[in-house]
Structure formats: structure tokens, C-alpha cells
Amino acid sequence: MSLYHIPVLLHETISALEVKPDGVYVDATFGGGGHSRAILERLSPKGRLIVMDQDSDALANVPQDDRVLPAHANFRFIHNFVRYHGFERVDGILADLGVSSHQFDTGERGFSFRFDAELDMRMNPQAGLSAKEIVNSYPAADLERLFRDYGEIPNAGSVASLICRFRGETPIETTGQLCEAIAKATPNFAEHKFLAKVFQALRIEVNSEMTALEKFIPMAVRSLAPGGVLAVITYHSLEDRIVKNAIRDAQTEGLVKKVNSKPILPGEQEISDNTRARSAKLRVARKNGEEKR
């Protein structure tokens with residue numbers, strides 16, 4: 001398995017997708033490609049796999065395989081790319097919402113406070129505002145909102161105020177400067193956990209992750225063939241709530257049926273082997289209609 005990224009809940013996800021050899025599948029968040037490779041192992045020469053990612057670094061690792069159809073795009077555009085590649089519907093869709101190990105471990109991308117680097121955090125480095133631009137331009141109230149809503153930080157107001165005070169003296173351009181700016185609000189007994197929440201909140205805002213997720217689920221359901229499966233792996237409560245509610249709404253409309261009433265969680269061994277799996281939750285839904293073709 002590639003060290004680019006260790007796939008989370010791999011066995012459970014592939015099992016849920018019930019991969020058919022001649023089927024058409026979408027890995028909507030290719031990342032390190034671990035889930036995609038497991039799908040490819042189960043596809044015949046007639047099967048097809050669309051792989052999507054907005055990060056060009058990730059797509060550089062796409063397998064050289066005639067069955068693979070890459071798409072450099074955010075997963076919110078899934079229905080467009082399913083049609084672009086010539087398919088009316090697909091048999092299964094996977095989305096793993098985690099940031100890949102490669103992104104965290106590549107210091108210059110600015111995703112992690114473990115490296116002193118330019119504060120960027122864009123999944124697609126050519127699109128949108130960087131984290132640097134956000135912390136230097138957002139009003140205090142908007143900073144407080146994103147830290148409260150996306151990071152679930154109790155003292156979000158203090159963090160926002162400290163950032164505004166620091167940038168009044170000098171621009172915040174690096175991860176190290178951001179950590180310095182909020183040092184007075186950072187608890188000594190839980191520094192790592194606190195900074196992880198701050199960086200998570202900024203990353204979500206930079207990449208409009210919640211908006212993209214809200215748009216993705218209905219488009220994914222629309223893209224599935226009758227009997228097709230949607231499998232989504234989330235990593236924090238806000239993501240999971242969006243997925244849970246979107247699947248519930250689709251079920252109320254008669255479009256899908258939940259496969260698991262409660263999320264599937266990683267086992268103790270997986271968490272021990274890969275600590276980034278500890279907060280993962282897998283939710284699965286099946287498109288209503290006639291039996292799988």
C-alpha cells in the first residue's frame with residue numbers, strides 16, 4: 001500500500017459497495033488512491049472507475065490503467081463528470097472526506113502546524129482564497145464564526161481577537177506566525193488538540209468543504225443507477241451531520257434507503273495502526289428502484 005495515504009475503513013467500504021466486475025464506479029475523493037486500487041482489483045477489463053480530486057498532487061498518482069477515467073475537479077461536480085465520461089448512471093460512489101496523509105505531511109502546503117510554512121491550505125492551489133488571505137482579511141466576527149462552527153472552539157472570540165491584534169502589527173503569512181498570534185488562547189494542557197481544531201476550521205473555510213458536501217450528496221444520489229450504493233466516510237461531527245441529514249432527506253423523498261442506521265466505525269486494531277482513523281464514520285445508502293443491473 002502506498003504511503004501517500006493509508007485508506008480508512010477500506011474493507012468495510014469496499015464490502016458496502018458490492019463491486020460488480022463490469023460495473024462503473026466513482027471515487028469522488030481519490031486522495032492517495034487506496035480505495036480506488038481496491039475497487040480496481042475487483043473490476044474486469046469492462047469495468048470503469050472515475051476518479052475525482054481537486055488536488056493535482058493526488059491525481060499525479062492515478063494508476064496508468066485503461067479502466068481509470070480521471071477528473072481534476074471538486075466532487076460537487078460529480079454528476080457533470082459522470083455524464084462527461086459518457087455514463088447515464090453509475091453503480092457505486094465513494095467519498096472519503098479526510099485530508100490525505102500526504103497533504104498533512106507536505107509542509108509547504110500549509111495544512112499542518114507541525115511545519116513552519118506559508119499558510120495556504122488550498123486543496124487546489126490555483127483556486128480561491130488561501131488561509132493566509134483569510135486570516136489577514138476576514139473581520140473578527142467572521143473569524144469567530146468559522147472557528148466556532150468549523151472548529152468547535154469554545155474561546156473562538158478570543159482566537160479571532162488575537163489574530164486581528166497580531167495582524168494589525170504584521171501580516172500573518174506562515175503557520176508559525178498563526179500559532180504565535182493565538183498563543184495566549186492556546187491551552188498548555190491540550191496544545192496539539194487545540195491547534196488541530198484551529199487549522200481544521202481554516203481548512204474547511206478555505207476549501208468551502210461544507211458547501212461542497214451539501215451539494216455533493218444530492219448530485220451523487222442523482223448519479224446512481226437503481227440499486228447503486230453511496231458510501232461516505234466523515235471525520236468530524238459537522239460533516240457527519242450533513243451526510244446523515246442528506247441521506248435522511250433523500251430517503252424521505254423515496255430516492256434511497258439507508259443501509260446502516262448507525263455509522264460503521266473503525267475497529268481497535270485499525271485505530272492502533274492508523275490514528276487518523278479514530279474519528280472516522282462510514283454511512284451507506286442504496287438508490288431505490290429496480291434491482292442492480
# chains A, B, ... in the order shown; residues from 1 in each chain; ligands from 1
>>> residues_around(residues="Ser130 of chain A", least_positions_apart="3", cutoff="10 Å", atoms="only C-alpha atoms", output="ChimeraX atom specification")
/A:110,118-127,133-135,202-203,205-207
>>> residues_around(residues="Leu238 of chain A", least_positions_apart="3", cutoff="9 Å", atoms="only C-alpha atoms", output="JSON, numbers by chain")
{"A": [149, 150, 210, 234, 235, 241, 242, 243]}
>>> closest_atom_pairs(of="segment 170-280 of chain A", to="segment 66-87 of chain A", cutoff="7 Å", atoms="only C-alpha atoms", output="tab-separated table")
residue	atom	partner	partner_atom	distance
A:Ala212	CA	A:Arg76	CA	5.3
A:Leu213	CA	A:Arg76	CA	6.8
A:Lys215	CA	A:Arg76	CA	5.6
A:Phe216	CA	A:Arg76	CA	4.3
A:Met219	CA	A:His79	CA	5.7
A:Ala220	CA	A:Ile78	CA	6.5
A:Ser223	CA	A:His79	CA	5.6
>>> closest_residue(among="A:Ala140, A:Val232, A:Met52, A:Val19", to="Leu97 of chain A", atoms="only C-alpha atoms")
A:Val232
>>> select_by_dssp(residues="segment 43-272 of chain A", states="strand (DSSP E or B)", output="ChimeraX atom specification")
/A:48-52,68-71,90-96,118,174,224-234,256-258,264
>>> select_by_dssp(residues="segment 103-239 of chain A", states="helix (DSSP H, G or I)", output="ChimeraX atom specification")
/A:103-105,107-109,131-137,140-151,156-169,175-181,183-185,188-206,209-223,237-239
>>> residues_around(residues="Arg165 of chain A", least_positions_apart="6", cutoff="12 Å", atoms="only C-alpha atoms", output="mmCIF file with C-alpha atoms, in the first residue's frame")
data_model
loop_
_atom_site.group_PDB
_atom_site.id
_atom_site.type_symbol
_atom_site.label_atom_id
_atom_site.label_comp_id
_atom_site.auth_asym_id
_atom_site.auth_seq_id
_atom_site.Cartn_x
_atom_site.Cartn_y
_atom_site.Cartn_z
ATOM 1 C CA VAL A 135 -6.699 35.353 8.481
ATOM 2 C CA ASN A 136 -5.462 38.726 7.215
ATOM 3 C CA PRO A 139 -13.440 40.709 10.105
ATOM 4 C CA ALA A 140 -13.212 39.460 13.672
ATOM 5 C CA SER A 158 -10.546 35.263 21.850
ATOM 6 C CA VAL A 159 -8.781 33.487 18.976
ATOM 7 C CA PRO A 171 0.731 40.247 8.381
ATOM 8 C CA ILE A 172 0.244 36.593 9.322
ATOM 9 C CA LEU A 178 -0.518 31.949 13.242
ATOM 10 C CA GLU A 180 2.344 32.712 17.674
ATOM 11 C CA ALA A 181 -0.640 35.006 17.180
ATOM 12 C CA ILE A 182 -3.027 32.759 19.135
ATOM 13 C CA LYS A 184 -2.336 33.326 24.618
#
>>> closest_residue(among="A:Lys281, A:Arg42, A:His236, A:Lys287", to="Val259 of chain A", atoms="only C-alpha atoms")
A:Lys287
>>> atom_distance(atom1="atom CA of Glu152 of chain A", atom2="atom CA of Lys197 of chain A")
7.3 Å
>>> closest_residue(among="A:Gly289, A:Gly34, A:Pro63, A:Gly151", to="Leu9 of chain A", atoms="only C-alpha atoms")
A:Gly34
>>> residues_around(residues="segment 23-30 of chain A", least_positions_apart="5", cutoff="6 Å", atoms="only C-alpha atoms", output="PyMOL selection string")
chain A and resi 47-53+75+90-96
>>> atom_distance(atom1="atom CA of Pro226 of chain A", atom2="atom CA of Ser261 of chain A")
20.0 Å
>>> residues_around(residues="Ser279 of chain A", least_positions_apart="2", cutoff="12 Å", atoms="only C-alpha atoms", output="list in words")
Val8, Leu9, Leu97, Gly98, Ile233, Thr234, Tyr235, His236, Ser237, Glu239, Asp240, Pro263, Ile264, Leu265, Pro266, Gly267, Glu268, Glu270, Ile271, Asn274, Thr275, Arg276, Ala277, Lys281 and Leu282 of chain A
>>> decode(residues="segment 82-93 of chain A", atoms="all heavy atoms", output="mmCIF file, in the first residue's frame")
data_model
loop_
_atom_site.group_PDB
_atom_site.id
_atom_site.type_symbol
_atom_site.label_atom_id
_atom_site.label_comp_id
_atom_site.auth_asym_id
_atom_site.auth_seq_id
_atom_site.Cartn_x
_atom_site.Cartn_y
_atom_site.Cartn_z
ATOM 1 N N VAL A 82 -19.739 12.395 -14.525
ATOM 2 C CA VAL A 82 -20.318 11.103 -14.899
ATOM 3 C C VAL A 82 -20.869 11.194 -16.323
ATOM 4 O O VAL A 82 -20.619 10.323 -17.171
ATOM 5 C CB VAL A 82 -21.426 10.690 -13.903
ATOM 6 C CG1 VAL A 82 -22.251 9.537 -14.459
ATOM 7 C CG2 VAL A 82 -20.810 10.289 -12.560
ATOM 8 N N ARG A 83 -21.580 12.278 -16.604
ATOM 9 C CA ARG A 83 -22.130 12.463 -17.948
ATOM 10 C C ARG A 83 -21.030 12.742 -18.970
ATOM 11 O O ARG A 83 -21.075 12.250 -20.106
ATOM 12 C CB ARG A 83 -23.145 13.619 -17.942
ATOM 13 C CG ARG A 83 -24.329 13.416 -17.024
ATOM 14 C CD ARG A 83 -25.188 12.221 -17.434
ATOM 15 N NE ARG A 83 -25.781 12.385 -18.740
ATOM 16 C CZ ARG A 83 -26.945 13.002 -18.975
ATOM 17 N NH1 ARG A 83 -27.646 13.482 -17.947
ATOM 18 N NH2 ARG A 83 -27.422 13.108 -20.191
ATOM 19 N N TYR A 84 -20.029 13.524 -18.565
ATOM 20 C CA TYR A 84 -18.922 13.854 -19.468
ATOM 21 C C TYR A 84 -18.213 12.592 -19.953
ATOM 22 O O TYR A 84 -17.807 12.500 -21.129
ATOM 23 C CB TYR A 84 -17.925 14.766 -18.751
ATOM 24 C CG TYR A 84 -16.643 15.017 -19.516
ATOM 25 C CD1 TYR A 84 -16.592 15.932 -20.564
ATOM 26 C CD2 TYR A 84 -15.478 14.320 -19.197
ATOM 27 C CE1 TYR A 84 -15.428 16.168 -21.268
ATOM 28 C CE2 TYR A 84 -14.302 14.540 -19.903
ATOM 29 C CZ TYR A 84 -14.284 15.463 -20.931
ATOM 30 O OH TYR A 84 -13.120 15.684 -21.635
ATOM 31 N N HIS A 85 -18.064 11.624 -19.065
ATOM 32 C CA HIS A 85 -17.381 10.385 -19.437
ATOM 33 C C HIS A 85 -18.315 9.387 -20.121
ATOM 34 O O HIS A 85 -17.928 8.240 -20.371
ATOM 35 C CB HIS A 85 -16.725 9.752 -18.211
ATOM 36 C CG HIS A 85 -15.454 10.439 -17.803
ATOM 37 N ND1 HIS A 85 -14.341 10.500 -18.620
ATOM 38 C CD2 HIS A 85 -15.107 11.108 -16.663
ATOM 39 C CE1 HIS A 85 -13.374 11.159 -18.004
ATOM 40 N NE2 HIS A 85 -13.809 11.535 -16.826
ATOM 41 N N GLY A 86 -19.544 9.817 -20.416
ATOM 42 C CA GLY A 86 -20.420 9.017 -21.255
ATOM 43 C C GLY A 86 -21.353 8.056 -20.548
ATOM 44 O O GLY A 86 -21.907 7.155 -21.177
ATOM 45 N N PHE A 87 -21.563 8.257 -19.235
ATOM 46 C CA PHE A 87 -22.420 7.336 -18.487
ATOM 47 C C PHE A 87 -23.695 8.045 -18.033
ATOM 48 O O PHE A 87 -23.653 9.189 -17.574
ATOM 49 C CB PHE A 87 -21.680 6.780 -17.266
ATOM 50 C CG PHE A 87 -20.388 6.099 -17.613
ATOM 51 C CD1 PHE A 87 -19.166 6.708 -17.347
ATOM 52 C CD2 PHE A 87 -20.402 4.853 -18.226
ATOM 53 C CE1 PHE A 87 -17.971 6.087 -17.675
ATOM 54 C CE2 PHE A 87 -19.214 4.224 -18.559
ATOM 55 C CZ PHE A 87 -17.994 4.842 -18.290
ATOM 56 N N GLU A 88 -24.810 7.348 -18.141
ATOM 57 C CA GLU A 88 -26.066 7.881 -17.627
ATOM 58 C C GLU A 88 -26.100 7.765 -16.107
ATOM 59 O O GLU A 88 -26.510 8.688 -15.412
ATOM 60 C CB GLU A 88 -27.243 7.119 -18.240
ATOM 61 C CG GLU A 88 -27.475 7.416 -19.714
ATOM 62 C CD GLU A 88 -27.902 8.857 -19.948
ATOM 63 O OE1 GLU A 88 -28.629 9.416 -19.100
ATOM 64 O OE2 GLU A 88 -27.492 9.425 -20.983
ATOM 65 N N ARG A 89 -25.676 6.614 -15.618
ATOM 66 C CA ARG A 89 -25.673 6.355 -14.177
ATOM 67 C C ARG A 89 -24.493 5.446 -13.842
ATOM 68 O O ARG A 89 -23.919 4.807 -14.725
ATOM 69 C CB ARG A 89 -26.970 5.662 -13.741
ATOM 70 C CG ARG A 89 -28.238 6.503 -13.931
ATOM 71 C CD ARG A 89 -28.301 7.662 -12.951
ATOM 72 N NE ARG A 89 -29.575 8.360 -13.028
ATOM 73 C CZ ARG A 89 -29.813 9.393 -13.823
ATOM 74 N NH1 ARG A 89 -28.857 9.817 -14.640
ATOM 75 N NH2 ARG A 89 -30.982 10.000 -13.812
ATOM 76 N N VAL A 90 -24.135 5.392 -12.554
ATOM 77 C CA VAL A 90 -23.038 4.541 -12.108
ATOM 78 C C VAL A 90 -23.529 3.607 -11.012
ATOM 79 O O VAL A 90 -24.591 3.807 -10.418
ATOM 80 C CB VAL A 90 -21.847 5.381 -11.596
ATOM 81 C CG1 VAL A 90 -21.313 6.286 -12.692
ATOM 82 C CG2 VAL A 90 -22.237 6.208 -10.365
ATOM 83 N N ASP A 91 -22.744 2.561 -10.729
ATOM 84 C CA ASP A 91 -23.151 1.517 -9.790
ATOM 85 C C ASP A 91 -22.733 1.782 -8.354
ATOM 86 O O ASP A 91 -23.266 1.156 -7.431
ATOM 87 C CB ASP A 91 -22.570 0.178 -10.249
ATOM 88 C CG ASP A 91 -23.113 -0.232 -11.604
ATOM 89 O OD1 ASP A 91 -24.303 -0.554 -11.685
ATOM 90 O OD2 ASP A 91 -22.345 -0.205 -12.590
ATOM 91 N N GLY A 92 -21.789 2.661 -8.161
ATOM 92 C CA GLY A 92 -21.359 2.945 -6.800
ATOM 93 C C GLY A 92 -20.504 4.191 -6.737
ATOM 94 O O GLY A 92 -19.782 4.511 -7.694
ATOM 95 N N ILE A 93 -20.610 4.903 -5.619
ATOM 96 C CA ILE A 93 -19.851 6.138 -5.410
ATOM 97 C C ILE A 93 -19.260 6.119 -4.006
ATOM 98 O O ILE A 93 -19.958 5.835 -3.026
ATOM 99 C CB ILE A 93 -20.740 7.386 -5.575
ATOM 100 C CG1 ILE A 93 -21.281 7.473 -7.008
ATOM 101 C CG2 ILE A 93 -19.978 8.654 -5.211
ATOM 102 C CD1 ILE A 93 -22.362 8.526 -7.190
#
